[in-house]
file data_18.tsv (TSV, C-alpha atoms)
chain	number	residue	atom	x	y	z
E	1	MET	CA	-52.20	14.89	-112.03
E	2	LYS	CA	-48.53	15.35	-112.95
E	3	ASN	CA	-47.67	12.28	-110.89
E	4	LEU	CA	-50.23	10.26	-112.79
E	5	PHE	CA	-48.64	11.29	-116.07
E	6	ALA	CA	-45.22	10.35	-114.74
E	7	VAL	CA	-46.47	6.88	-113.75
E	8	LEU	CA	-48.08	6.41	-117.13
E	9	ALA	CA	-44.89	7.45	-118.91
E	10	VAL	CA	-42.85	4.95	-116.88
E	11	LEU	CA	-45.43	2.26	-117.60
E	12	LEU	CA	-45.21	2.97	-121.29
E	13	LEU	CA	-41.48	2.39	-121.19
E	14	VAL	CA	-41.47	-0.64	-118.92
E	15	MET	CA	-44.47	-2.64	-120.11
E	16	PRO	CA	-43.05	-3.71	-123.47
E	17	VAL	CA	-40.10	-5.29	-121.68
E	18	PHE	CA	-42.40	-7.48	-119.56
E	19	ALA	CA	-44.73	-8.09	-122.47
E	20	GLN	CA	-41.91	-9.77	-124.40
E	21	GLY	CA	-41.69	-12.59	-121.86
E	22	PRO	CA	-38.44	-14.39	-121.00
E	23	VAL	CA	-35.81	-13.22	-123.48
E	24	GLY	CA	-33.62	-16.32	-123.28
E	25	ASN	CA	-36.33	-18.73	-124.31
E	26	ALA	CA	-37.47	-16.67	-127.24
E	27	ALA	CA	-33.97	-16.80	-128.68
E	28	ALA	CA	-33.39	-20.55	-128.19
E	29	LYS	CA	-32.95	-22.20	-131.56
E	30	PRO	CA	-34.05	-25.75	-132.30
E	31	VAL	CA	-31.14	-28.20	-132.20
E	32	ILE	CA	-30.87	-31.22	-134.45
E	33	GLN	CA	-30.21	-34.35	-132.45
E	34	LYS	CA	-30.38	-36.82	-135.32
E	35	LEU	CA	-30.97	-36.75	-139.03
E	36	ALA	CA	-32.62	-40.03	-139.87
E	37	ILE	CA	-32.95	-39.52	-143.59
E	38	LEU	CA	-32.29	-36.74	-146.08
E	39	GLY	CA	-32.69	-37.52	-149.73
E	40	LYS	CA	-34.27	-37.26	-153.09
E	41	GLY	CA	-35.79	-39.84	-155.39
E	42	ILE	CA	-38.73	-41.07	-157.35
E	43	ALA	CA	-42.07	-42.62	-156.45
E	44	THR	CA	-43.72	-44.72	-159.12
E	45	ASN	CA	-47.22	-46.11	-159.31
E	46	PRO	CA	-46.82	-49.76	-160.32
E	47	SER	CA	-50.24	-49.80	-161.98
E	48	ASP	CA	-49.57	-46.72	-164.11
E	49	LEU	CA	-46.14	-46.23	-165.63
E	50	MET	CA	-46.76	-42.55	-166.25
E	51	ASP	CA	-47.88	-41.84	-162.69
E	52	PHE	CA	-44.61	-40.97	-160.97
E	53	LYS	CA	-43.54	-38.22	-158.60
E	54	ILE	CA	-40.29	-36.63	-157.49
E	55	ILE	CA	-39.67	-37.26	-153.79
E	56	LYS	CA	-37.81	-34.98	-151.41
E	57	ILE	CA	-37.67	-36.19	-147.85
E	58	GLY	CA	-36.12	-35.16	-144.56
E	59	ILE	CA	-36.74	-36.75	-141.17
E	60	GLY	CA	-34.92	-35.87	-137.98
E	61	GLU	CA	-34.98	-35.69	-134.22
E	62	VAL	CA	-34.99	-32.09	-133.06
E	63	LYS	CA	-34.74	-30.61	-129.59
E	64	VAL	CA	-36.99	-27.57	-129.28
E	65	SER	CA	-37.05	-25.13	-126.40
E	66	LEU	CA	-40.37	-23.45	-125.87
E	67	LEU	CA	-41.09	-21.22	-122.88
E	68	GLY	CA	-38.35	-22.88	-120.91
E	69	GLU	CA	-39.49	-26.41	-121.66
E	70	GLU	CA	-37.37	-28.70	-123.82
E	71	THR	CA	-39.08	-31.19	-126.09
E	72	GLU	CA	-37.54	-33.72	-128.44
E	73	LEU	CA	-39.57	-34.42	-131.54
E	74	VAL	CA	-39.02	-36.88	-134.35
E	75	VAL	CA	-40.64	-35.28	-137.35
E	76	GLY	CA	-40.01	-34.51	-140.97
E	77	VAL	CA	-41.26	-33.27	-144.29
E	78	LEU	CA	-42.00	-35.10	-147.50
E	79	TYR	CA	-42.56	-33.53	-150.89
E	80	LEU	CA	-44.24	-35.48	-153.67
E	81	ASP	CA	-43.70	-33.15	-156.61
E	82	SER	CA	-44.91	-29.88	-155.10
E	83	ASP	CA	-47.28	-31.40	-152.54
E	84	LYS	CA	-45.91	-31.05	-149.05
E	85	TYR	CA	-46.69	-33.50	-146.23
E	86	LYS	CA	-45.76	-33.49	-142.58
E	87	VAL	CA	-44.06	-36.69	-141.46
E	88	LYS	CA	-45.05	-37.74	-137.95
E	89	ASP	CA	-45.43	-40.84	-135.74
E	90	VAL	CA	-41.96	-41.87	-136.88
E	91	VAL	CA	-40.50	-45.24	-135.93
E	92	LEU	CA	-36.81	-45.60	-136.71
E	93	GLY	CA	-35.24	-49.03	-136.84
E	94	ASN	CA	-31.98	-50.52	-138.04
E	95	GLY	CA	-32.07	-49.30	-141.59
E	96	SER	CA	-35.82	-48.80	-141.60
E	97	ILE	CA	-38.35	-46.02	-141.28
E	98	GLU	CA	-42.09	-46.11	-140.76
E	99	ALA	CA	-44.17	-42.96	-140.44
E	100	ASN	CA	-47.51	-41.37	-141.13
E	101	LEU	CA	-48.07	-38.48	-143.52
E	102	TYR	CA	-50.21	-35.50	-142.64
E	103	SER	CA	-51.65	-32.68	-144.67
E	104	GLY	CA	-52.35	-29.98	-142.11
E	105	GLU	CA	-53.63	-31.94	-139.13
E	106	GLU	CA	-55.28	-34.65	-141.19
E	107	LYS	CA	-53.60	-38.02	-141.64
E	108	VAL	CA	-53.47	-38.73	-145.35
E	109	GLY	CA	-51.05	-41.59	-145.77
E	110	SER	CA	-47.93	-43.40	-144.66
E	111	ILE	CA	-44.39	-44.20	-145.66
E	112	ASN	CA	-42.45	-47.35	-145.10
E	113	ALA	CA	-38.85	-47.77	-146.26
E	114	GLU	CA	-35.72	-49.82	-145.73
E	115	SER	CA	-32.18	-48.81	-146.53
E	116	VAL	CA	-29.60	-50.74	-148.48
E	117	GLU	CA	-26.03	-49.84	-149.40
E	118	LYS	CA	-25.51	-50.00	-153.16
E	119	GLU	CA	-22.22	-48.99	-154.71
E	120	ASP	CA	-21.28	-46.77	-151.75
E	121	THR	CA	-24.63	-45.07	-151.91
E	122	GLU	CA	-27.42	-45.29	-149.41
E	123	VAL	CA	-30.70	-46.13	-151.08
E	124	TRP	CA	-34.04	-46.15	-149.27
E	125	VAL	CA	-36.54	-48.49	-150.86
E	126	GLY	CA	-40.16	-48.70	-149.81
E	127	THR	CA	-43.71	-47.66	-150.40
E	128	ILE	CA	-45.69	-44.48	-149.95
E	129	ASP	CA	-49.45	-44.69	-149.51
E	130	VAL	CA	-51.13	-41.42	-150.26
E	131	GLY	CA	-54.32	-40.24	-151.91
E	132	GLY	CA	-55.62	-43.79	-152.28
E	133	ALA	CA	-52.60	-44.90	-154.32
E	134	THR	CA	-49.55	-46.89	-153.35
E	135	TYR	CA	-46.26	-45.79	-154.85
E	136	ASN	CA	-42.99	-47.65	-154.94
E	137	ALA	CA	-40.38	-45.26	-153.65
E	138	TYR	CA	-36.63	-45.08	-154.23
E	139	VAL	CA	-34.68	-42.39	-152.40
E	140	LEU	CA	-30.96	-41.70	-152.71
E	141	GLY	CA	-29.52	-40.59	-149.39
E	142	ALA	CA	-27.89	-37.16	-149.57
E	143	VAL	CA	-24.42	-36.47	-148.28
E	144	ARG	CA	-24.54	-34.71	-144.94
E	145	LYS	CA	-21.23	-34.32	-143.17
E	146	ALA	CA	-21.16	-33.72	-139.44
E	147	ARG	CA	-20.17	-30.14	-138.62
E	148	PRO	CA	-17.35	-29.39	-136.14
E	149	LEU	CA	-19.77	-28.32	-133.40
E	150	GLU	CA	-21.83	-31.47	-133.92
E	151	ILE	CA	-18.72	-33.65	-133.71
E	152	ALA	CA	-17.61	-31.84	-130.54
E	153	GLN	CA	-21.02	-32.25	-128.90
E	154	LYS	CA	-21.24	-35.93	-129.75
E	155	VAL	CA	-17.70	-36.57	-128.54
E	156	ARG	CA	-18.53	-34.81	-125.29
E	157	SER	CA	-21.65	-36.89	-124.68
E	158	PHE	CA	-19.87	-40.10	-125.69
E	159	CYS	CA	-17.06	-39.38	-123.24
E	160	GLU	CA	-19.57	-38.70	-120.50
E	161	GLU	CA	-21.01	-42.17	-120.95
E	162	ASN	CA	-17.76	-43.97	-121.79
E	163	PRO	CA	-14.89	-42.26	-119.94
E	164	THR	CA	-12.63	-45.29	-120.30
E	165	LYS	CA	-12.78	-45.08	-124.08
E	166	CYS	CA	-11.79	-41.42	-124.10
E	167	LYS	CA	-8.30	-41.65	-122.60
E	168	ALA	CA	-6.59	-40.73	-125.86
E	169	VAL	CA	-8.66	-37.63	-126.50
E	170	VAL	CA	-8.34	-36.52	-122.87
E	171	LYS	CA	-4.58	-36.87	-123.26
E	172	ALA	CA	-4.80	-34.73	-126.38
E	173	ILE	CA	-6.04	-31.69	-124.49
E	174	GLY	CA	-2.77	-31.70	-122.53
E	175	ASN	CA	-4.22	-31.20	-119.07
E	176	ARG	CA	-2.74	-33.32	-116.29
E	177	TYR	CA	-5.72	-32.83	-114.01
E	178	CYS	CA	-8.06	-34.15	-116.70
E	179	GLU	CA	-5.83	-37.14	-117.39
E	180	LYS	CA	-6.22	-38.09	-113.74
E	181	ASN	CA	-9.89	-37.05	-113.50
E	182	PRO	CA	-11.45	-37.75	-116.89
E	183	THR	CA	-14.96	-37.87	-115.41
E	184	ASP	CA	-14.80	-34.28	-114.18
E	185	PRO	CA	-17.46	-32.29	-116.09
E	186	SER	CA	-15.02	-29.43	-116.70
E	187	CYS	CA	-12.71	-31.89	-118.47
E	188	ARG	CA	-15.52	-33.03	-120.74
E	189	GLU	CA	-16.05	-29.40	-121.66
E	190	LYS	CA	-12.33	-29.12	-122.44
E	191	VAL	CA	-12.60	-32.18	-124.66
E	192	LYS	CA	-15.58	-30.62	-126.42
E	193	SER	CA	-13.71	-27.39	-126.90
E	194	PHE	CA	-10.63	-29.25	-128.20
E	195	CYS	CA	-12.67	-31.20	-130.76
E	196	LEU	CA	-14.53	-28.05	-131.79
E	197	ASN	CA	-11.23	-26.36	-132.56
E	198	HIS	CA	-9.62	-29.48	-134.03
E	199	PRO	CA	-12.44	-31.37	-135.78
E	200	ASP	CA	-9.91	-33.16	-137.98
E	201	ASP	CA	-7.83	-34.42	-135.06
E	202	HIS	CA	-7.66	-38.19	-135.43
E	203	ARG	CA	-8.59	-38.74	-131.76
E	204	CYS	CA	-11.76	-36.68	-132.08
E	205	LYS	CA	-12.62	-38.44	-135.31
E	206	GLU	CA	-12.06	-41.82	-133.73
E	207	ILE	CA	-14.39	-41.05	-130.83
E	208	PHE	CA	-16.99	-39.68	-133.21
E	209	LYS	CA	-16.87	-42.86	-135.28
E	210	GLU	CA	-17.19	-44.92	-132.12
E	211	TYR	CA	-20.24	-42.85	-131.15
E	212	CYS	CA	-21.58	-43.42	-134.63
E	213	VAL	CA	-21.49	-47.20	-134.44
E	214	ASP	CA	-24.23	-46.96	-131.81
E	215	ASN	CA	-26.13	-44.26	-133.67
E	216	LEU	CA	-26.57	-45.56	-137.17
E	217	ASP	CA	-30.04	-44.06	-137.37
E	218	ASP	CA	-28.26	-40.74	-137.88
E	219	ALA	CA	-27.37	-39.89	-141.50
E	220	ARG	CA	-24.28	-37.96	-140.36
E	221	CYS	CA	-22.97	-41.07	-138.66
E	222	ARG	CA	-23.75	-43.32	-141.58
E	223	TYR	CA	-21.89	-40.95	-143.87
E	224	ALA	CA	-18.84	-40.77	-141.57
E	225	LEU	CA	-18.65	-44.55	-141.37
E	226	ARG	CA	-19.37	-45.08	-145.06
E	227	VAL	CA	-16.37	-42.93	-145.98
E	228	TYR	CA	-14.12	-44.51	-143.35
E	229	CYS	CA	-15.18	-48.08	-144.08
E	230	LYS	CA	-14.36	-47.76	-147.74
E	231	ASN	CA	-10.71	-48.10	-146.73
E	232	HIS	CA	-11.21	-50.20	-143.59
E	233	PRO	CA	-13.79	-52.83	-144.50
E	234	ASN	CA	-12.36	-55.44	-142.14
E	235	GLU	CA	-12.72	-53.41	-138.97
E	236	ASP	CA	-15.42	-54.64	-136.63
E	237	ARG	CA	-17.26	-51.34	-136.62
E	238	CYS	CA	-17.39	-51.37	-140.41
E	239	LYS	CA	-18.85	-54.84	-140.38
E	240	ILE	CA	-21.38	-53.69	-137.78
E	241	PHE	CA	-22.19	-50.69	-139.97
E	242	LEU	CA	-22.82	-52.91	-142.97
E	243	VAL	CA	-24.99	-55.37	-141.05
E	244	GLN	CA	-27.02	-52.81	-139.13
E	245	THR	CA	-27.79	-50.44	-141.97
E	246	THR	CA	-29.21	-53.20	-144.12
E	247	GLU	CA	-30.80	-55.29	-141.38
E	248	LYS	CA	-34.45	-54.90	-142.31
E	249	TYR	CA	-33.90	-54.95	-146.06
E	250	CYS	CA	-31.84	-58.13	-145.82
E	251	LEU	CA	-34.37	-59.85	-143.59
E	252	GLN	CA	-36.86	-59.43	-146.41
E	253	HIS	CA	-34.48	-59.96	-149.32
E	254	PRO	CA	-31.85	-62.41	-148.07
E	255	LYS	CA	-30.97	-63.60	-151.55
E	256	SER	CA	-30.17	-60.24	-153.07
E	257	PRO	CA	-26.44	-59.90	-153.92
E	258	ALA	CA	-25.93	-57.13	-151.35
E	259	CYS	CA	-27.45	-59.29	-148.62
E	260	VAL	CA	-25.51	-62.44	-149.44
E	261	LYS	CA	-22.35	-60.46	-148.67
E	262	VAL	CA	-23.92	-59.06	-145.51
E	263	ALA	CA	-24.98	-62.52	-144.31
E	264	LYS	CA	-21.35	-63.68	-144.18
E	265	VAL	CA	-20.31	-60.61	-142.23
E	266	ARG	CA	-23.29	-60.88	-139.89
E	267	LYS	CA	-22.05	-64.20	-138.49
E	268	LEU	CA	-18.76	-62.57	-137.53
E	269	VAL	CA	-20.17	-59.61	-135.64
E	270	LYS	CA	-23.50	-60.91	-134.33
E	271	GLU	CA	-22.25	-61.18	-130.76
E	272	LYS	CA	-20.59	-57.79	-130.84
E	273	ILE	CA	-23.78	-56.15	-132.04
E	274	ARG	CA	-25.64	-57.85	-129.22
E	275	ALA	CA	-23.15	-56.63	-126.64
E	276	ARG	CA	-23.31	-53.09	-127.94
E	277	ARG	CA	-27.10	-53.04	-127.83
E	278	LEU	CA	-27.11	-54.29	-124.28
E	279	GLY	CA	-24.49	-51.74	-123.27
E	280	ARG	CA	-26.50	-48.94	-124.82
E	281	LEU	CA	-29.70	-50.12	-123.18
E	282	GLY	CA	-27.91	-50.16	-119.83
E	283	ARG	CA	-26.70	-46.61	-120.35
E	284	VAL	CA	-30.18	-45.43	-121.30
E	285	ARG	CA	-31.62	-47.02	-118.17
E	286	SER	CA	-28.95	-45.60	-115.92
E	287	SER	CA	-29.41	-42.10	-117.28
E	288	GLN	CA	-33.18	-42.41	-116.77
E	289	VAL	CA	-34.09	-40.86	-120.08
E	290	VAL	CA	-37.55	-39.30	-119.97
E	291	ASN	CA	-38.26	-39.66	-123.67
E	292	PRO	CA	-38.55	-43.24	-124.86
E	293	PRO	CA	-36.05	-44.35	-127.53
E	294	THR	CA	-37.33	-43.74	-131.05
E	295	THR	CA	-35.98	-46.98	-132.39
E	296	ASN	CA	-37.75	-50.29	-132.55
E	297	GLU	CA	-34.64	-52.32	-131.91
E	298	THR	CA	-34.95	-55.58	-130.09
E	299	VAL	CA	-32.23	-56.60	-127.70
E	300	GLU	CA	-31.24	-60.19	-127.72
E	301	THR	CA	-29.89	-61.54	-124.51
E	302	GLY	CA	-27.46	-64.36	-124.00
E	303	PRO	CA	-24.38	-65.45	-122.13
E	304	GLU	CA	-22.13	-63.82	-124.73
E	305	ALA	CA	-23.64	-60.42	-124.06
E	306	ASN	CA	-20.65	-59.21	-122.12
E	307	THR	CA	-18.26	-59.62	-125.01
E	308	GLU	CA	-15.60	-56.91	-124.96
E	309	ILE	CA	-15.67	-54.52	-127.87
E	310	ASN	CA	-12.40	-54.00	-129.63
E	311	THR	CA	-11.74	-50.32	-129.24
E	312	THR	CA	-7.99	-50.28	-129.57
E	313	ASN	CA	-8.12	-47.73	-132.34
E	314	VAL	CA	-10.40	-45.52	-130.36
E	315	THR	CA	-8.38	-45.27	-127.20
E	316	GLY	CA	-5.14	-45.28	-129.09
E	317	GLU	CA	-3.76	-47.87	-126.74
W	1	MET	CA	-58.03	19.71	-120.84
W	2	MET	CA	-55.91	17.64	-118.46
W	3	LYS	CA	-58.60	15.00	-118.23
W	4	GLU	CA	-58.71	14.61	-121.98
W	5	LEU	CA	-54.94	14.38	-122.15
W	6	LEU	CA	-54.98	11.71	-119.47
W	7	LEU	CA	-57.61	9.70	-121.29
W	8	LEU	CA	-55.69	10.01	-124.53
W	9	THR	CA	-52.48	8.85	-122.86
W	10	LEU	CA	-54.29	5.91	-121.28
W	11	LEU	CA	-55.75	4.93	-124.61
W	12	LEU	CA	-52.41	5.24	-126.37
W	13	SER	CA	-50.63	3.17	-123.72
W	14	LEU	CA	-53.29	0.49	-124.02
W	15	ILE	CA	-52.80	0.29	-127.78
W	16	PHE	CA	-49.03	0.33	-127.38
W	17	VAL	CA	-48.93	-2.42	-124.78
W	18	SER	CA	-51.42	-4.65	-126.58
W	19	GLY	CA	-49.22	-4.46	-129.67
W	20	CYS	CA	-46.20	-5.61	-127.70
W	21	VAL	CA	-47.81	-8.62	-126.04
W	22	GLN	CA	-47.01	-11.78	-127.99
W	23	GLN	CA	-50.14	-13.79	-128.49
W	24	PRO	CA	-49.53	-17.26	-127.18
W	25	ALA	CA	-49.59	-19.89	-129.91
W	26	THR	CA	-52.71	-21.98	-130.21
W	27	THR	CA	-50.74	-24.83	-128.69
W	28	GLY	CA	-47.11	-24.96	-127.66
W	29	GLU	CA	-46.86	-28.41	-129.17
W	30	ALA	CA	-47.88	-27.14	-132.61
W	31	THR	CA	-45.29	-24.37	-132.46
W	32	ALA	CA	-42.56	-26.76	-131.38
W	33	GLU	CA	-43.52	-29.15	-134.15
W	34	LYS	CA	-43.42	-26.38	-136.72
W	35	GLN	CA	-40.02	-25.22	-135.53
W	36	ALA	CA	-38.68	-28.77	-135.68
W	37	MET	CA	-40.09	-29.36	-139.16
W	38	ASP	CA	-38.67	-26.07	-140.44
W	39	VAL	CA	-35.19	-27.03	-139.24
W	40	VAL	CA	-35.41	-30.47	-140.82
W	41	GLU	CA	-36.71	-28.98	-144.07
W	42	GLN	CA	-33.84	-26.52	-144.17
W	43	GLU	CA	-31.35	-29.34	-143.67
W	44	MET	CA	-33.08	-31.35	-146.37
W	45	ASN	CA	-32.95	-28.52	-148.88
W	46	GLU	CA	-29.28	-27.84	-148.20
W	47	ALA	CA	-28.36	-31.50	-148.45
W	48	ILE	CA	-30.19	-32.26	-151.67
W	49	GLU	CA	-29.42	-29.03	-153.45
W	50	ASN	CA	-27.65	-29.94	-156.67
W	51	MET	CA	-27.31	-33.51	-155.43
W	52	THR	CA	-25.94	-35.74	-158.15
W	53	MET	CA	-24.36	-39.18	-158.26
W	54	GLU	CA	-21.09	-37.40	-158.97
W	55	ASP	CA	-21.36	-35.46	-155.70
W	56	ILE	CA	-21.91	-38.64	-153.76
W	57	GLU	CA	-19.00	-40.32	-155.51
W	58	ASN	CA	-16.67	-37.37	-154.88
W	59	ALA	CA	-17.62	-37.20	-151.25
W	60	ILE	CA	-16.82	-40.86	-150.79
W	61	ILE	CA	-13.51	-40.68	-152.63
W	62	GLU	CA	-12.19	-37.54	-150.90

call {"tool": "encode", "arguments": {"input": "data_18.tsv", "output": "C-alpha cells"}}
result
Amino acid sequence: MKNLFAVLAVLLLVMPVFAQGPVGNAAAKPVIQKLAILGKGIATNPSDLMDFKIIKIGIGEVKVSLLGEETELVVGVLYLDSDKYKVKDVVLGNGSIEANLYSGEEKVGSINAESVEKEDTEVWVGTIDVGGATYNAYVLGAVRKARPLEIAQKVRSFCEENPTKCKAVVKAIGNRYCEKNPTDPSCREKVKSFCLNHPDDHRCKEIFKEYCVDNLDDARCRYALRVYCKNHPNEDRCKIFLVQTTEKYCLQHPKSPACVKVAKVRKLVKEKIRARRLGRLGRVRSSQVVNPPTTNETVETGPEANTEINTTNVTGE
Amino acid sequence: MMKELLLLTLLLSLIFVSGCVQQPATTGEATAEKQAMDVVEQEMNEAIENMTMEDIENAIIE
C-alpha cells in the first residue's frame, strides 16, 4: 500500500511536466516577416457625405510556430470606427493590396487599394466594400522604422543569397577567414551579429537598402528607401522605388501629376526592374520555397534580362 | 481507512492532472491565425499611435 502511495506521489509531481507538452514550442513567439501596410485614414461613402468612418489598418506576413510546425500567414486587421474585421486572402502587388474582410469566420466584404507617393508620404487609395456599401478609402501610411534585429536578420538572409554583394560588410567584421569564405554559414552569423550591434554602420545600411529594393511590399523597406531617396533621387534604386511603389496606381491614373513624373523615370529603369525580378524569381526557385510568393508580380522576359545591377555603393567597391 | 485515503489521492491526482493538460485548440490553423493577427494589430497600434503629418515630416527630415 505504501508503495502505491509513493508511485502516486511521484505521478503527481511528474505528470504536470508531461502535460505541458514541448516547452520550446509553447514559448515560440510569432515573427513578423513583412509589414505590407500600417496606417490610418478615412473611408467615405460617395452617396452619403455624412457616412464616413475612421480606418485603422495593419496587414503583414507573420511566421508562427505551433507545436513544432512553422507556418507563414499573410493576414491583418481592419477597424472601421470601432468595428473590427479580420483581413485574409491577401494578395500583395507592386503598390497594391487586395483582400477579403471577415467578421468571425464569415466573409463580409473586401478591400482593394493602391499606393501613391504624395509629398513624401505614402497614401493608399482604394475602396472598401462592407455591409452592402462601398466606401472610398484613403489611408496614410504610418512610419515604421526597421529595428536593429530586423536589419541584422535581413542583411543575413540577403548575404546568404547574394554573397558577392556582401564583400564590404564581410570585410567590416574584420575576420580574415570570412573574407576568404564569405559563404560559410558561421560568417553569415558574424555579419548578422555585427549588424545587430552596429545597425547604423553604413555597410549594414547599404545592404539593408539593397534588400529593400527587392522587398518593396514591406513598409519598413519603403520607409528606409523613402528617407534615403529624398537625398539621392537619381540613384537607380530610388528610381526603382518610385516606379514600383506606384505601379498599379499609375497604370490606372497615368495622367495624374505624380504619375507623369514616374513615367519618365520608368523608361530609365524598366530593364533593371526586369532583371531584378528575374534574379529574384531564380533565387526563389533555387531555394525551393514551400510557400508560394504572396505577390502577384508578373515577370517580363527578354534578351535584356541579364542586365547587371549597379551595386557599387553596396559593395563599397 | 487506507482504502479511502487511496481513493481520495487518486481522485485528487486526477483533478490535478486534468487541470494541467492544455486543451488543444479547436484547430491549429485558427490559433496560428489569431497569433499572427494579434502581432500585426500590435504593430499597427504602435505605428499609428499619435500619428500626425508632423511626425511623418519629421521622420523624413531627420

call {"tool": "residues_around", "arguments": {"input": "data_18.tsv", "residues": "region 67-80 of chain E", "least_positions_apart": "4", "cutoff": "6 Å", "atoms": "only C-alpha atoms", "output": "count of residues only"}}
result
18

call {"tool": "atom_distance", "arguments": {"input": "data_18.tsv", "atom1": "CA of Asn234 (chain E)", "atom2": "CA of Asp214 (chain E)"}}
result
17.9 Å

call {"tool": "closest_residue", "arguments": {"input": "data_18.tsv", "among": "E:Lys118, E:Arg147, E:Lys264, E:Lys239", "to": "Asn197 (chain E)", "atoms": "all atoms listed in the file"}}
result
E:Arg147

call {"tool": "atom_distance", "arguments": {"input": "data_18.tsv", "atom1": "CA of Ile42 (chain E)", "atom2": "CA of Tyr138 (chain E)"}}
result
5.5 Å

call {"tool": "closest_residue", "arguments": {"input": "data_18.tsv", "among": "E:Cys229, E:Thr246, E:Val125, E:Ile273", "to": "Asn112 (chain E)", "atoms": "all atoms listed in the file"}}
result
E:Val125

call {"tool": "closest_residue", "arguments": {"input": "data_18.tsv", "among": "W:Leu11, W:Ala30, W:Ala47, W:Met1", "to": "chain E", "atoms": "only C-alpha atoms"}}
result
W:Ala47

call {"tool": "residues_around", "arguments": {"input": "data_18.tsv", "residues": "region 103-111 of chain E", "least_positions_apart": "2", "cutoff": "8 Å", "atoms": "all atoms listed in the file", "output": "compact mmCIF listing (two decimals) with C-alpha atoms, keeping the file's coordinate frame"}}
result
# COMPACT_ATOMS: atom_id res chain seq x y z
CA LYS E 84 -45.91 -31.05 -149.05
CA TYR E 85 -46.69 -33.50 -146.23
CA LYS E 86 -45.76 -33.49 -142.58
CA ILE E 97 -38.35 -46.02 -141.28
CA GLU E 98 -42.09 -46.11 -140.76
CA ALA E 99 -44.17 -42.96 -140.44
CA ASN E 100 -47.51 -41.37 -141.13
CA LEU E 101 -48.07 -38.48 -143.52
CA ALA E 113 -38.85 -47.77 -146.26
CA GLY E 126 -40.16 -48.70 -149.81
CA THR E 127 -43.71 -47.66 -150.40
CA ILE E 128 -45.69 -44.48 -149.95
CA ASP E 129 -49.45 -44.69 -149.51
CA VAL E 130 -51.13 -41.42 -150.26
CA GLY E 131 -54.32 -40.24 -151.91

call {"tool": "closest_residue", "arguments": {"input": "data_18.tsv", "among": "E:Glu122, E:Glu189, E:Glu161, E:Glu179", "to": "chain W", "atoms": "all atoms listed in the file"}}
result
E:Glu122

call {"tool": "atom_distance", "arguments": {"input": "data_18.tsv", "atom1": "CA of Val169 (chain E)", "atom2": "CA of Arg203 (chain E)"}}
result
5.4 Å

call {"tool": "residues_around", "arguments": {"input": "data_18.tsv", "residues": "Glu46 (chain W)", "least_positions_apart": "4", "cutoff": "10 Å", "atoms": "only C-alpha atoms", "output": "PDB file with C-alpha atoms, in the coordinates of the input"}}
result
ATOM      1  CA  LEU E  38     -32.290 -36.740-146.080  1.00  0.00           C
ATOM      2  CA  ALA E 142     -27.890 -37.160-149.570  1.00  0.00           C
ATOM      3  CA  VAL E 143     -24.420 -36.470-148.280  1.00  0.00           C
ATOM      4  CA  ARG E 144     -24.540 -34.710-144.940  1.00  0.00           C
TER       5      ARG E 144
ATOM      6  CA  VAL W  40     -35.410 -30.470-140.820  1.00  0.00           C
ATOM      7  CA  GLU W  41     -36.710 -28.980-144.070  1.00  0.00           C
ATOM      8  CA  GLN W  42     -33.840 -26.520-144.170  1.00  0.00           C
ATOM      9  CA  ASN W  50     -27.650 -29.940-156.670  1.00  0.00           C
ATOM     10  CA  MET W  51     -27.310 -33.510-155.430  1.00  0.00           C
TER      11      MET W  51
END

call {"tool": "residues_around", "arguments": {"input": "data_18.tsv", "residues": "Tyr249 (chain E)", "least_positions_apart": "3", "cutoff": "12 Å", "atoms": "all atoms listed in the file", "output": "PyMOL selection string"}}
result
chain E and resi 93-97+112-117+123-126+242-246+252-260+262-263

call {"tool": "closest_residue", "arguments": {"input": "data_18.tsv", "among": "E:Phe208, E:Tyr223, E:Phe241, E:Phe158", "to": "chain W", "atoms": "only C-alpha atoms"}}
result
E:Tyr223

call {"tool": "closest_residue", "arguments": {"input": "data_18.tsv", "among": "E:Val191, E:Leu278, E:Leu140, E:Val90", "to": "chain W", "atoms": "only C-alpha atoms"}}
result
E:Leu140
